[in-house]
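Coordinates as given in query_4.tsv (TSV, C-alpha atoms and all ligand atoms):
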chain	number	residue	atom	x	y	z
X	1	MET	CA	-5.34	-23.08	-9.90
X	2	THR	CA	-2.14	-22.03	-11.69
X	3	ILE	CA	0.23	-19.77	-9.82
X	4	THR	CA	2.99	-18.09	-11.81
X	5	ASP	CA	6.01	-17.15	-9.69
X	6	ASP	CA	8.53	-16.22	-12.38
X	7	HIS	CA	9.59	-13.13	-10.49
X	8	LEU	CA	10.22	-14.57	-7.03
X	9	THR	CA	13.62	-16.03	-6.18
X	10	ALA	CA	13.42	-19.78	-5.75
X	11	ASN	CA	14.61	-19.96	-2.13
X	12	TYR	CA	11.33	-21.20	-0.64
X	13	ALA	CA	9.76	-24.59	-1.41
X	14	ARG	CA	6.23	-23.19	-1.53
X	15	PHE	CA	2.99	-25.11	-1.86
X	16	GLY	CA	0.69	-24.15	-4.73
X	17	VAL	CA	-1.88	-22.50	-2.48
X	18	GLU	CA	-2.74	-18.82	-2.42
X	19	PHE	CA	-4.32	-17.62	0.81
X	20	VAL	CA	-6.62	-14.62	0.71
X	21	ARG	CA	-8.26	-14.40	4.15
X	22	GLY	CA	-7.78	-15.48	7.75
X	23	GLU	CA	-9.81	-15.45	10.95
X	24	GLY	CA	-8.76	-17.09	14.22
X	25	THR	CA	-7.43	-20.58	13.46
X	26	ARG	CA	-8.95	-20.59	9.94
X	27	LEU	CA	-7.54	-19.60	6.55
X	28	TRP	CA	-9.28	-19.41	3.16
X	29	ASP	CA	-7.62	-19.84	-0.23
X	30	ALA	CA	-8.43	-18.04	-3.47
X	31	GLU	CA	-10.87	-20.81	-4.45
X	32	GLY	CA	-12.85	-20.44	-1.24
X	33	ASN	CA	-11.53	-23.57	0.51
X	34	GLU	CA	-11.33	-23.34	4.31
X	35	TYR	CA	-8.21	-24.55	6.15
X	36	LEU	CA	-7.40	-25.26	9.77
X	37	ASP	CA	-4.09	-23.55	10.52
X	38	PHE	CA	-1.89	-25.55	12.90
X	39	LEU	CA	1.29	-23.67	11.95
X	40	ALA	CA	0.36	-19.98	12.46
X	41	GLY	CA	3.01	-18.73	10.03
X	42	ILE	CA	5.59	-20.66	12.12
X	43	SER	CA	4.52	-19.34	15.52
X	44	VAL	CA	3.63	-15.84	14.30
X	45	SER	CA	-0.16	-15.61	14.29
X	46	ASN	CA	-0.30	-16.74	17.92
X	47	VAL	CA	-3.40	-14.68	18.71
X	48	GLY	CA	-5.10	-16.08	15.60
X	49	HIS	CA	-5.46	-14.49	12.18
X	50	CYS	CA	-6.73	-10.92	12.12
X	51	HIS	CA	-7.44	-10.77	15.87
X	52	PRO	CA	-9.97	-7.91	16.18
X	53	ALA	CA	-7.92	-6.07	18.82
X	54	VAL	CA	-4.78	-6.25	16.66
X	55	VAL	CA	-6.67	-5.06	13.57
X	56	ALA	CA	-8.23	-2.17	15.50
X	57	ALA	CA	-4.87	-1.12	17.02
X	58	ILE	CA	-3.19	-1.13	13.58
X	59	GLN	CA	-6.03	0.80	11.94
X	60	ALA	CA	-6.17	3.45	14.67
X	61	GLN	CA	-2.39	3.97	14.77
X	62	ALA	CA	-2.01	3.97	10.97
X	63	ALA	CA	-4.48	6.83	10.77
X	64	ARG	CA	-2.50	8.84	13.37
X	65	LEU	CA	1.24	8.31	12.68
X	66	ILE	CA	3.07	5.59	10.73
X	67	HIS	CA	6.77	6.46	10.95
X	68	VAL	CA	9.20	8.96	12.44
X	69	GLY	CA	12.35	6.87	12.86
X	70	ASN	CA	14.71	6.28	15.73
X	71	LEU	CA	15.96	9.82	16.28
X	72	TYR	CA	12.71	10.53	18.16
X	73	TYR	CA	10.37	8.91	20.63
X	74	THR	CA	6.82	7.71	20.16
X	75	GLU	CA	4.50	6.63	22.94
X	76	PRO	CA	3.79	3.11	21.56
X	77	MET	CA	7.56	2.44	21.38
X	78	LEU	CA	8.27	3.67	24.92
X	79	ALA	CA	5.34	1.78	26.37
X	80	LEU	CA	6.22	-1.44	24.52
X	81	ALA	CA	9.82	-1.36	25.76
X	82	GLY	CA	8.48	-0.95	29.28
X	83	ARG	CA	6.09	-3.86	28.94
X	84	LEU	CA	8.78	-6.17	27.55
X	85	ALA	CA	11.36	-5.16	30.14
X	86	ARG	CA	9.16	-5.36	33.22
X	87	GLY	CA	8.99	-8.75	34.86
X	88	SER	CA	11.39	-10.38	32.42
X	89	LEU	CA	15.15	-10.45	33.10
X	90	GLY	CA	15.13	-8.34	36.26
X	91	ASP	CA	15.24	-4.70	37.34
X	92	GLY	CA	17.10	-2.50	34.90
X	93	THR	CA	16.40	-4.67	31.84
X	94	LYS	CA	16.52	-2.65	28.61
X	95	VAL	CA	15.10	-3.37	25.18
X	96	PHE	CA	16.50	-2.98	21.66
X	97	LEU	CA	13.71	-3.26	19.10
X	98	THR	CA	14.34	-4.94	15.73
X	99	ASN	CA	12.47	-5.97	12.57
X	100	SER	CA	12.99	-9.71	12.89
X	101	GLY	CA	14.33	-12.61	14.89
X	102	ALA	CA	17.66	-12.75	13.09
X	103	GLU	CA	18.23	-9.07	13.80
X	104	ALA	CA	17.49	-9.62	17.48
X	105	VAL	CA	20.09	-12.40	17.44
X	106	GLU	CA	22.62	-10.13	15.69
X	107	ALA	CA	22.04	-7.50	18.36
X	108	ALA	CA	22.53	-10.08	21.12
X	109	ILE	CA	25.82	-11.28	19.64
X	110	LYS	CA	27.08	-7.71	19.13
X	111	CYS	CA	26.07	-6.80	22.69
X	112	ALA	CA	27.90	-9.81	24.15
X	113	ARG	CA	31.03	-9.24	22.07
X	114	LYS	CA	31.15	-5.56	22.92
X	115	ALA	CA	30.80	-6.37	26.62
X	116	LYS	CA	33.66	-8.90	26.47
X	117	GLN	CA	35.69	-6.79	24.01
X	118	GLY	CA	35.75	-9.66	21.53
X	119	GLY	CA	35.53	-13.36	22.26
X	120	ASP	CA	33.98	-16.49	20.83
X	121	VAL	CA	30.34	-17.41	20.45
X	122	VAL	CA	29.29	-20.94	21.35
X	123	SER	CA	26.06	-22.37	19.97
X	124	LEU	CA	24.41	-25.79	20.13
X	125	HIS	CA	23.86	-28.47	17.54
X	126	ARG	CA	20.20	-28.67	16.41
X	127	GLY	CA	20.00	-24.91	17.06
X	128	PHE	CA	18.59	-22.38	14.60
X	129	HIS	CA	19.05	-18.64	14.98
X	130	GLY	CA	18.37	-17.08	11.56
X	131	ARG	CA	19.87	-16.40	8.13
X	132	THR	CA	21.93	-13.24	8.51
X	133	TYR	CA	25.67	-13.83	8.85
X	134	GLY	CA	26.02	-13.69	12.63
X	135	ALA	CA	22.85	-15.68	13.21
X	136	LEU	CA	23.79	-18.14	10.46
X	137	SER	CA	27.27	-18.56	11.93
X	138	ALA	CA	25.55	-19.65	15.15
X	139	THR	CA	23.35	-22.11	13.21
X	140	PRO	CA	25.52	-25.19	12.78
X	141	GLN	CA	23.90	-26.80	9.76
X	142	GLU	CA	26.14	-27.67	6.86
X	143	SER	CA	23.38	-27.29	4.24
X	144	LYS	CA	22.56	-23.77	5.38
X	145	GLN	CA	26.12	-22.54	5.96
X	146	ALA	CA	28.18	-24.18	3.19
X	147	PRO	CA	26.81	-22.25	0.16
X	148	PHE	CA	27.55	-18.97	1.93
X	149	ALA	CA	30.97	-19.72	3.43
X	150	PRO	CA	33.05	-18.32	4.98
X	151	MET	CA	31.10	-17.77	8.17
X	152	VAL	CA	31.88	-15.07	10.73
X	153	PRO	CA	35.04	-16.08	12.64
X	154	GLY	CA	34.93	-17.10	16.28
X	155	PHE	CA	31.84	-19.34	16.29
X	156	ARG	CA	31.91	-22.88	17.69
X	157	ALA	CA	29.09	-25.42	17.98
X	158	VAL	CA	28.80	-28.19	20.56
X	159	GLU	CA	26.35	-30.97	21.35
X	160	PRO	CA	23.38	-29.83	23.44
X	161	THR	CA	24.61	-31.59	26.57
X	162	ALA	CA	25.76	-30.33	29.96
X	163	ALA	CA	29.15	-32.05	29.56
X	164	ALA	CA	29.83	-30.54	26.13
X	165	ILE	CA	28.94	-27.06	27.35
X	166	ARG	CA	31.17	-27.38	30.43
X	167	ALA	CA	34.05	-28.60	28.25
X	168	THR	CA	33.72	-25.76	25.74
X	169	VAL	CA	32.81	-22.48	27.43
X	170	ASP	CA	36.01	-20.85	28.68
X	171	ASP	CA	37.49	-17.44	29.47
X	172	ARG	CA	37.56	-16.53	25.75
X	173	THR	CA	33.82	-17.09	25.38
X	174	ALA	CA	31.74	-13.95	24.88
X	175	ALA	CA	28.40	-15.71	24.61
X	176	LEU	CA	26.62	-19.03	24.68
X	177	ILE	CA	23.46	-18.89	22.57
X	178	LEU	CA	20.73	-21.52	22.69
X	179	GLU	CA	17.02	-22.07	22.10
X	180	PRO	CA	15.62	-23.52	25.34
X	181	VAL	CA	13.17	-25.34	23.05
X	182	GLN	CA	14.88	-26.02	19.74
X	183	GLY	CA	12.22	-25.39	17.13
X	184	GLU	CA	13.47	-25.69	13.57
X	185	SER	CA	15.25	-28.99	14.20
X	186	GLY	CA	12.05	-30.66	15.38
X	187	VAL	CA	11.03	-29.32	18.82
X	188	TRP	CA	13.59	-30.52	21.35
X	189	VAL	CA	13.01	-29.27	24.91
X	190	LEU	CA	16.44	-28.81	26.51
X	191	GLY	CA	16.68	-30.34	29.98
X	192	ASP	CA	17.24	-28.32	33.14
X	193	ASP	CA	20.66	-29.99	33.49
X	194	VAL	CA	21.74	-28.48	30.15
X	195	LEU	CA	20.41	-25.04	31.03
X	196	LEU	CA	21.98	-25.09	34.51
X	197	ALA	CA	25.33	-26.13	33.03
X	198	ALA	CA	25.01	-23.25	30.56
X	199	ARG	CA	24.24	-20.77	33.35
X	200	GLU	CA	27.12	-22.01	35.53
X	201	ALA	CA	29.64	-22.04	32.68
X	202	CYS	CA	28.71	-18.49	31.61
X	203	ASP	CA	28.92	-17.24	35.20
X	204	ALA	CA	32.29	-18.91	35.74
X	205	HIS	CA	33.81	-17.42	32.59
X	206	GLY	CA	32.13	-14.03	32.30
X	207	ALA	CA	30.16	-14.96	29.19
X	208	ALA	CA	26.64	-13.86	28.28
X	209	LEU	CA	23.98	-16.53	28.29
X	210	ILE	CA	21.61	-15.79	25.40
X	211	PHE	CA	18.23	-17.51	25.22
X	212	ASP	CA	16.76	-17.33	21.74
X	213	GLU	CA	13.03	-17.34	22.45
X	214	VAL	CA	12.06	-16.15	18.97
X	215	GLN	CA	9.93	-19.28	18.50
X	216	CYS	CA	9.30	-20.60	22.03
X	217	GLY	CA	8.58	-17.31	23.83
X	218	LEU	CA	5.48	-15.13	24.15
X	219	GLY	CA	3.18	-17.78	25.55
X	220	ARG	CA	3.94	-20.47	22.98
X	221	THR	CA	4.96	-23.01	25.66
X	222	GLY	CA	2.47	-21.79	28.27
X	223	THR	CA	4.38	-19.03	30.06
X	224	ARG	CA	5.20	-15.57	28.80
X	225	TRP	CA	8.85	-16.59	28.37
X	226	HIS	CA	9.87	-20.22	28.27
X	227	PHE	CA	12.73	-19.64	30.74
X	228	GLU	CA	10.10	-19.06	33.45
X	229	GLN	CA	9.53	-22.84	33.40
X	230	THR	CA	13.23	-23.49	34.00
X	231	PRO	CA	15.62	-22.82	36.91
X	232	VAL	CA	17.66	-20.41	34.74
X	233	VAL	CA	17.39	-16.72	33.87
X	234	PRO	CA	19.45	-15.71	30.81
X	235	ASP	CA	21.44	-12.48	30.47
X	236	LEU	CA	20.05	-11.70	27.03
X	237	LEU	CA	16.80	-12.85	25.45
X	238	THR	CA	15.67	-12.57	21.84
X	239	THR	CA	12.03	-12.49	20.78
X	240	ALA	CA	10.22	-11.84	17.46
X	241	LYS	CA	7.69	-13.92	15.46
X	242	GLY	CA	4.46	-13.70	17.49
X	243	LEU	CA	5.12	-10.25	18.95
X	244	GLY	CA	3.58	-8.21	16.12
X	245	GLY	CA	0.48	-10.32	15.50
X	246	GLY	CA	1.78	-10.89	11.95
X	247	LEU	CA	3.67	-7.64	11.41
X	248	PRO	CA	7.49	-7.79	11.43
X	249	ILE	CA	9.06	-7.04	14.78
X	250	GLY	CA	11.70	-8.46	17.11
X	251	ALA	CA	13.46	-7.42	20.27
X	252	LEU	CA	16.57	-8.01	22.28
X	253	LEU	CA	16.00	-7.90	26.03
X	254	ALA	CA	19.25	-7.08	27.82
X	255	GLY	CA	19.22	-8.00	31.51
X	256	PRO	CA	20.81	-5.78	34.16
X	257	ALA	CA	24.43	-6.91	33.54
X	258	TYR	CA	24.18	-6.05	29.81
X	259	ALA	CA	21.59	-3.27	29.76
X	260	GLU	CA	24.13	-0.46	29.50
X	261	VAL	CA	26.41	-2.05	26.87
X	262	PHE	CA	25.01	-0.28	23.81
X	263	ALA	CA	25.94	3.40	23.53
X	264	PRO	CA	24.74	5.96	20.97
X	265	GLY	CA	26.00	5.07	17.48
X	266	ASP	CA	26.86	1.45	18.33
X	267	HIS	CA	23.98	-0.22	16.58
X	268	GLY	CA	20.73	0.73	14.87
X	269	SER	CA	18.17	0.21	12.14
X	270	THR	CA	15.66	2.42	10.32
X	271	PHE	CA	12.29	0.79	10.95
X	272	PRO	CA	12.24	-0.88	14.38
X	273	GLY	CA	9.97	0.53	17.04
X	274	GLY	CA	7.59	2.08	14.51
X	275	PRO	CA	4.30	3.14	16.08
X	276	VAL	CA	2.03	0.88	13.99
X	277	ILE	CA	3.93	-2.28	14.81
X	278	CYS	CA	4.30	-1.32	18.45
X	279	ALA	CA	0.55	-0.67	18.66
X	280	ALA	CA	-0.04	-4.16	17.24
X	281	ALA	CA	2.41	-5.63	19.76
X	282	HIS	CA	0.51	-4.03	22.65
X	283	ALA	CA	-2.69	-5.70	21.49
X	284	VAL	CA	-0.82	-9.03	21.20
X	285	LEU	CA	0.64	-8.73	24.71
X	286	ASP	CA	-2.85	-8.02	26.10
X	287	VAL	CA	-3.93	-11.42	24.74
X	288	VAL	CA	-0.88	-13.60	25.43
X	289	GLY	CA	-0.25	-12.08	28.87
X	290	ASP	CA	-3.56	-13.49	30.13
X	291	GLU	CA	-2.89	-16.17	32.79
X	292	ALA	CA	-6.05	-18.08	31.87
X	293	LEU	CA	-4.90	-18.31	28.25
X	294	LEU	CA	-1.42	-19.46	29.32
X	295	ALA	CA	-2.90	-22.17	31.55
X	296	ARG	CA	-5.03	-23.34	28.64
X	297	VAL	CA	-1.95	-23.46	26.37
X	298	ARG	CA	-0.31	-25.82	28.87
X	299	SER	CA	-3.32	-28.11	29.33
X	300	THR	CA	-4.26	-28.14	25.63
X	301	GLY	CA	-0.66	-29.00	24.77
X	302	GLU	CA	-0.66	-31.94	27.17
X	303	ARG	CA	-3.88	-33.30	25.70
X	304	LEU	CA	-2.62	-32.79	22.14
X	305	ARG	CA	0.62	-34.68	22.83
X	306	ALA	CA	-1.23	-37.57	24.51
X	307	GLN	CA	-3.61	-37.91	21.56
X	308	LEU	CA	-0.91	-37.52	18.91
X	309	ALA	CA	0.92	-40.44	20.52
X	310	GLU	CA	-2.15	-42.64	19.86
X	311	LEU	CA	-2.19	-41.98	16.11
X	312	PRO	CA	-1.10	-44.78	13.74
X	313	GLY	CA	2.53	-44.65	12.66
X	314	VAL	CA	3.50	-42.02	15.23
X	315	GLY	CA	6.69	-42.61	17.21
X	316	GLU	CA	8.10	-40.03	19.61
X	317	VAL	CA	6.00	-36.96	20.44
X	318	ARG	CA	7.88	-33.93	21.82
X	319	GLY	CA	6.95	-30.49	22.96
X	320	ALA	CA	5.92	-27.94	25.55
X	321	GLY	CA	2.63	-26.07	25.59
X	322	LEU	CA	1.49	-25.58	22.01
X	323	MET	CA	4.95	-26.07	20.46
X	324	ASN	CA	4.89	-29.72	19.46
X	325	ALA	CA	6.22	-32.27	16.99
X	326	PHE	CA	5.86	-35.96	16.30
X	327	ASP	CA	8.11	-38.42	14.51
X	328	LEU	CA	6.72	-40.83	11.95
X	329	VAL	CA	8.08	-44.34	12.43
X	330	ASP	CA	8.33	-44.88	8.67
X	331	GLY	CA	9.34	-41.32	7.72
X	332	GLY	CA	7.53	-39.47	4.94
X	333	ALA	CA	6.81	-36.29	6.91
X	334	PRO	CA	7.01	-33.92	3.91
X	335	ASP	CA	4.45	-36.03	2.06
X	336	VAL	CA	2.13	-36.17	5.08
X	337	VAL	CA	2.36	-32.36	5.37
X	338	ARG	CA	1.62	-31.92	1.66
X	339	ARG	CA	-1.37	-34.27	1.81
X	340	ALA	CA	-2.60	-32.66	5.02
X	341	LEU	CA	-2.67	-29.31	3.22
X	342	LEU	CA	-4.17	-30.43	-0.08
X	343	GLU	CA	-6.44	-33.29	0.99
X	344	GLU	CA	-7.42	-32.44	4.57
X	345	ARG	CA	-6.98	-28.64	4.46
X	346	LEU	CA	-4.84	-28.81	7.59
X	347	VAL	CA	-1.75	-26.56	7.69
X	348	LEU	CA	1.29	-28.26	9.26
X	349	ASN	CA	5.03	-28.28	8.69
X	350	ALA	CA	7.80	-30.88	8.34
X	351	THR	CA	11.05	-30.04	10.11
X	352	GLY	CA	12.80	-33.06	8.59
X	353	PRO	CA	12.17	-36.32	6.73
X	354	ALA	CA	10.39	-37.94	9.69
X	355	THR	CA	9.16	-35.04	11.83
X	356	VAL	CA	5.90	-33.08	11.66
X	357	ARG	CA	5.59	-29.85	13.68
X	358	LEU	CA	2.39	-28.30	15.03
X	359	LEU	CA	2.25	-24.65	16.13
X	360	PRO	CA	-1.44	-23.71	16.24
X	361	PRO	CA	-2.56	-20.25	17.32
X	362	LEU	CA	-2.61	-20.09	21.13
X	363	VAL	CA	-6.34	-19.31	20.96
X	364	VAL	CA	-7.12	-22.68	19.35
X	365	THR	CA	-10.30	-24.25	20.76
X	366	ASP	CA	-10.79	-27.79	22.03
X	367	ALA	CA	-13.10	-28.46	19.08
X	368	GLU	CA	-10.40	-27.32	16.63
X	369	VAL	CA	-7.82	-29.58	18.30
X	370	ASP	CA	-10.26	-32.51	17.94
X	371	GLU	CA	-10.85	-31.60	14.31
X	372	ALA	CA	-7.11	-31.46	13.55
X	373	LEU	CA	-6.58	-34.83	15.25
X	374	ALA	CA	-9.45	-36.35	13.25
X	375	ARG	CA	-7.95	-35.05	9.99
X	376	LEU	CA	-4.54	-36.45	10.96
X	377	GLN	CA	-6.09	-39.78	11.94
X	378	ARG	CA	-7.64	-40.06	8.46
X	379	LEU	CA	-4.33	-39.22	6.79
X	380	LEU	CA	-2.13	-41.53	8.80
E	401	LIG	N1	15.62	-17.77	16.13
E	401	LIG	C1	14.74	-18.80	16.14
E	401	LIG	C2	14.68	-19.70	17.33
E	401	LIG	C3	13.87	-19.00	15.06
E	401	LIG	O1	13.01	-20.02	15.07
E	401	LIG	C4	13.95	-18.11	13.96
E	401	LIG	C5	13.08	-18.30	12.78
E	401	LIG	O2	12.55	-19.36	12.55
E	401	LIG	C6	14.88	-17.06	14.00
E	401	LIG	C7	15.69	-16.91	15.10
E	401	LIG	C8	14.99	-16.08	12.86
E	401	LIG	O3	13.89	-15.24	12.88
E	401	LIG	P1	13.52	-14.39	11.55
E	401	LIG	O4	13.09	-15.36	10.52
E	401	LIG	O5	12.43	-13.47	12.02
E	401	LIG	O6	14.76	-13.64	11.16
Before anything else, please render the file you have as structure tokens.
Amino acid sequence: MTITDDHLTANYARFGVEFVRGEGTRLWDAEGNEYLDFLAGISVSNVGHCHPAVVAAIQAQAARLIHVGNLYYTEPMLALAGRLARGSLGDGTKVFLTNSGAEAVEAAIKCARKAKQGGDVVSLHRGFHGRTYGALSATPQESKQAPFAPMVPGFRAVEPTAAAIRATVDDRTAALILEPVQGESGVWVLGDDVLLAAREACDAHGAALIFDEVQCGLGRTGTRWHFEQTPVVPDLLTTAKGLGGGLPIGALLAGPAYAEVFAPGDHGSTFPGGPVICAAAHAVLDVVGDEALLARVRSTGERLRAQLAELPGVGEVRGAGLMNAFDLVDGGAPDVVRRALLEERLVLNATGPATVRLLPPLVVTDAEVDEALARLQRLL
């Protein structure tokens, strides 16, 4: 099939596949081929494609009210903020809704800087926080930053170690931002020692500890938020990706110490908190808040990692829950991903020359995991 993309900017390295339909863990292309989706739009379609409850919530809300903007309230927005705030960062947590992960990160950085009346932002090597200027400035990758220099002033990056964090965070630091599981660089689960050092350093110097859970939150690693599996509670938490069941949404959760920082006029955006997206998010939270599903995410992830490690040519396997990656001893990850898509109809992603990432929908069945492993076995 020939796809003509003369009118799209060339910033994505797309595969020549046009998808037309999705259901659960399956996708279909325009020629009728069926695919097994082990990427879920990079941790977006966590409840599976076109989950019936998400579809029904969108359809019902779209027929009632689509947009009023942020000068007014709607019930889906109020209720969603309540659901996100409750049981997350503590009593008094407040929520700023956004359209995307990067915007949630921007809001977190602005919140921390306003609270400290300025100050530096420290981020970690291997971290990824988005493509807008603040988020990009906290994403220390030469290839992503250099073409768009200069970055926002006052950002520093350090190695993701306890010692480096202790040596860097000081009284001028407004925020330390990190992904507790670093996704885009190949799924690196940060150790408790690193997270504890981050918490202690931020407490000692009056800095905000920001956990970017845009990729690893919302059940992806087997708990509603990943930090629940660690000894550390952050001050600010960003979420996005899976929250809207495929529609664009993000949120900044501001814990009690930062909940009152934003005042009217400080920050805003036209679309966030719209009733259709919030209705979708409610349906998503109904699914990913289920303890039985979360337990299954943890056990399925363990089995997947154990079986990936047995595949030919596979070196290190890393991950938590259903956020996983494996290294190929001889490299060639982009080619394996391309062949997986075109020859085995298995959707995966390469995070680097030697690393393949798997982010299946959280509702993936045991049979689908077996099928994906069989397809990988054939390929490798
Ligand atoms: N933060 C993390 C950890 C991410 O993985 C991403 C996207 O991959 C972002 C932020 C940016 O999110 P968005 O693409 O929705 O702006």
Hey, could you make a per-residue contact list for chain X against ligand LIG 401 (chain E) with 7 Å as the cut-off, showing the nearest pair of atoms and its distance in Å to one decimal, counting all atoms listed in the file, sorted by chain and number, as JSON lines?
{"residue": "X:Ser100", "atom": "CA", "partner": "E:LIG401", "partner_atom": "O5", "distance": 3.9}
{"residue": "X:Gly101", "atom": "CA", "partner": "E:LIG401", "partner_atom": "O3", "distance": 3.3}
{"residue": "X:Ala102", "atom": "CA", "partner": "E:LIG401", "partner_atom": "O6", "distance": 3.6}
{"residue": "X:Glu103", "atom": "CA", "partner": "E:LIG401", "partner_atom": "O6", "distance": 6.3}
{"residue": "X:Val105", "atom": "CA", "partner": "E:LIG401", "partner_atom": "C7", "distance": 6.7}
{"residue": "X:Phe128", "atom": "CA", "partner": "E:LIG401", "partner_atom": "C2", "distance": 5.5}
{"residue": "X:His129", "atom": "CA", "partner": "E:LIG401", "partner_atom": "N1", "distance": 3.7}
{"residue": "X:Gly130", "atom": "CA", "partner": "E:LIG401", "partner_atom": "C8", "distance": 3.8}
{"residue": "X:Arg131", "atom": "CA", "partner": "E:LIG401", "partner_atom": "O6", "distance": 6.6}
{"residue": "X:Glu179", "atom": "CA", "partner": "E:LIG401", "partner_atom": "C2", "distance": 5.8}
{"residue": "X:Gln182", "atom": "CA", "partner": "E:LIG401", "partner_atom": "C2", "distance": 6.8}
{"residue": "X:Gly183", "atom": "CA", "partner": "E:LIG401", "partner_atom": "O1", "distance": 5.8}
{"residue": "X:Glu184", "atom": "CA", "partner": "E:LIG401", "partner_atom": "O1", "distance": 5.9}
{"residue": "X:Asp212", "atom": "CA", "partner": "E:LIG401", "partner_atom": "C2", "distance": 5.4}
{"residue": "X:Glu213", "atom": "CA", "partner": "E:LIG401", "partner_atom": "C2", "distance": 5.9}
{"residue": "X:Val214", "atom": "CA", "partner": "E:LIG401", "partner_atom": "C2", "distance": 4.7}
{"residue": "X:Gln215", "atom": "CA", "partner": "E:LIG401", "partner_atom": "O1", "distance": 4.7}
{"residue": "X:Ala240", "atom": "CA", "partner": "E:LIG401", "partner_atom": "O5", "distance": 6.1}
{"residue": "X:Lys241", "atom": "CA", "partner": "E:LIG401", "partner_atom": "O5", "distance": 5.9}
### Query
Out of X:Glu200, X:Ala53, X:Val189, X:Val363, which residue has the shortest atom-to-atom distance to X:Val288 when counting only C-alpha atoms?
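Ranked by minimum distance to X:Val288, first place goes to X:Val363.
Proximity ranking of X:Leu358, X:Cys50, X:Ala295, X:Val287 relative to X:Arg21 places X:Cys50 first, based on only C-alpha atoms.
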### Message
If I take atom CA of X:Leu236 and atom CA of X:Ile210, how far is one from the other in Å, to one decimal?
### Response
4.7 Å
### Message
Using all atoms listed in the file, which protein or nucleic acid residues come within 10 Å of X:Pro256? Drop anything in the same chain fewer than 5 positions from it, and give the result as a PyMOL selection string.
### Response
chain X and resi 89-94+235-236+261
### Task
Rounded to one decimal place, report the atom CA of X:Ala350-atom CA of X:Ala333 distance in Å.
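Separating atom CA of X:Ala350 from atom CA of X:Ala333 is a distance of 5.7 Å.
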### Task
Can you work out which one of X:His205, X:His7, X:Arg64, X:Arg378 has the shortest atom-to-atom distance to X:Asp120, counting all atoms listed in the file?
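Going through X:His205, X:His7, X:Arg64, X:Arg378 one by one, the smallest distance to X:Asp120 is for X:His205.
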#### Entry: Residue among X:Met151, X:Val347, X:Ala208, X:Val194 lying closest to X:Ile165, counting all atoms listed in the file
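Going through X:Met151, X:Val347, X:Ala208, X:Val194 one by one, the smallest distance to X:Ile165 is for X:Val194.
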### Shortest interatomic distance to X:Thr238 - which of X:Glu159, X:Glu106, X:Glu34, X:Glu371, counting all atoms listed in the file
X:Glu106
### Straight-line distance linking atom CA of X:Ala104 with atom CA of X:His125, stated in Å to one decimal
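Distance reported for this atom pair: 19.9 Å.
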### Message
Just checking: using all atoms listed in the file, which residue out of X:Leu285, X:Val187, X:Ala62, X:Ala207 ends up closest to X:Thr351?
### Response
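Using all atoms listed in the file, X:Thr351 sits closest to X:Val187.
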### Task
Would you mind listing what lies within 10 Å of X:Ala167 as a count of residues only, with only C-alpha atoms counted and same-chain residues fewer than 3 positions away left out?
6
Excluding X:Thr355 and residues on its chain fewer than 5 positions from it, collect all residues at most 8 Å away from it, counting all atoms listed in the file, and give them as a short mmCIF file (atom, residue, chain, number, x, y, z; two decimals) with C-alpha atoms, in the coordinates of the input.
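Dumped everything to out-v9.cif:
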data_model
loop_
_atom_site.label_atom_id
_atom_site.label_comp_id
_atom_site.auth_asym_id
_atom_site.auth_seq_id
_atom_site.Cartn_x
_atom_site.Cartn_y
_atom_site.Cartn_z
CA GLY X 186 12.05 -30.66 15.38
CA ALA X 325 6.22 -32.27 16.99
CA PHE X 326 5.86 -35.96 16.30
CA ASP X 327 8.11 -38.42 14.51
CA LEU X 328 6.72 -40.83 11.95
CA GLY X 331 9.34 -41.32 7.72
CA ALA X 333 6.81 -36.29 6.91
CA ALA X 350 7.80 -30.88 8.34
#
### Message
I'd like the contact shell of stretch 70-76 of chain X - 6 Å cut-off, all atoms listed in the file, skipping same-chain residues fewer than 3 positions apart - returned as a ChimeraX atom specification.
### Response
/X:79-80,275,278-279
C-alpha atoms of the current selection, written as a PDB file, in the frame of the given file:
ATOM      1  CA  ALA X  79       5.340   1.780  26.370  1.00  0.00           C
ATOM      2  CA  LEU X  80       6.220  -1.440  24.520  1.00  0.00           C
ATOM      3  CA  PRO X 275       4.300   3.140  16.080  1.00  0.00           C
ATOM      4  CA  CYS X 278       4.300  -1.320  18.450  1.00  0.00           C
ATOM      5  CA  ALA X 279       0.550  -0.670  18.660  1.00  0.00           C
TER       6      ALA X 279
END
Can you tell me, as a PDB file with C-alpha atoms, keeping the file's coordinate frame, what residues are no more than 8 Å from X:Leu176 when counting all atoms listed in the file, ignoring any on the same chain fewer than 2 positions away?
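Everything below was put into around_12.pdb:
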ATOM      1  CA  VAL X 121      30.340 -17.410  20.450  1.00  0.00           C
ATOM      2  CA  VAL X 122      29.290 -20.940  21.350  1.00  0.00           C
ATOM      3  CA  SER X 123      26.060 -22.370  19.970  1.00  0.00           C
ATOM      4  CA  VAL X 169      32.810 -22.480  27.430  1.00  0.00           C
ATOM      5  CA  THR X 173      33.820 -17.090  25.380  1.00  0.00           C
ATOM      6  CA  ALA X 174      31.740 -13.950  24.880  1.00  0.00           C
ATOM      7  CA  LEU X 178      20.730 -21.520  22.690  1.00  0.00           C
ATOM      8  CA  ALA X 198      25.010 -23.250  30.560  1.00  0.00           C
ATOM      9  CA  CYS X 202      28.710 -18.490  31.610  1.00  0.00           C
ATOM     10  CA  ALA X 207      30.160 -14.960  29.190  1.00  0.00           C
ATOM     11  CA  ALA X 208      26.640 -13.860  28.280  1.00  0.00           C
ATOM     12  CA  LEU X 209      23.980 -16.530  28.290  1.00  0.00           C
ATOM     13  CA  ILE X 210      21.610 -15.790  25.400  1.00  0.00           C
TER      14      ILE X 210
END
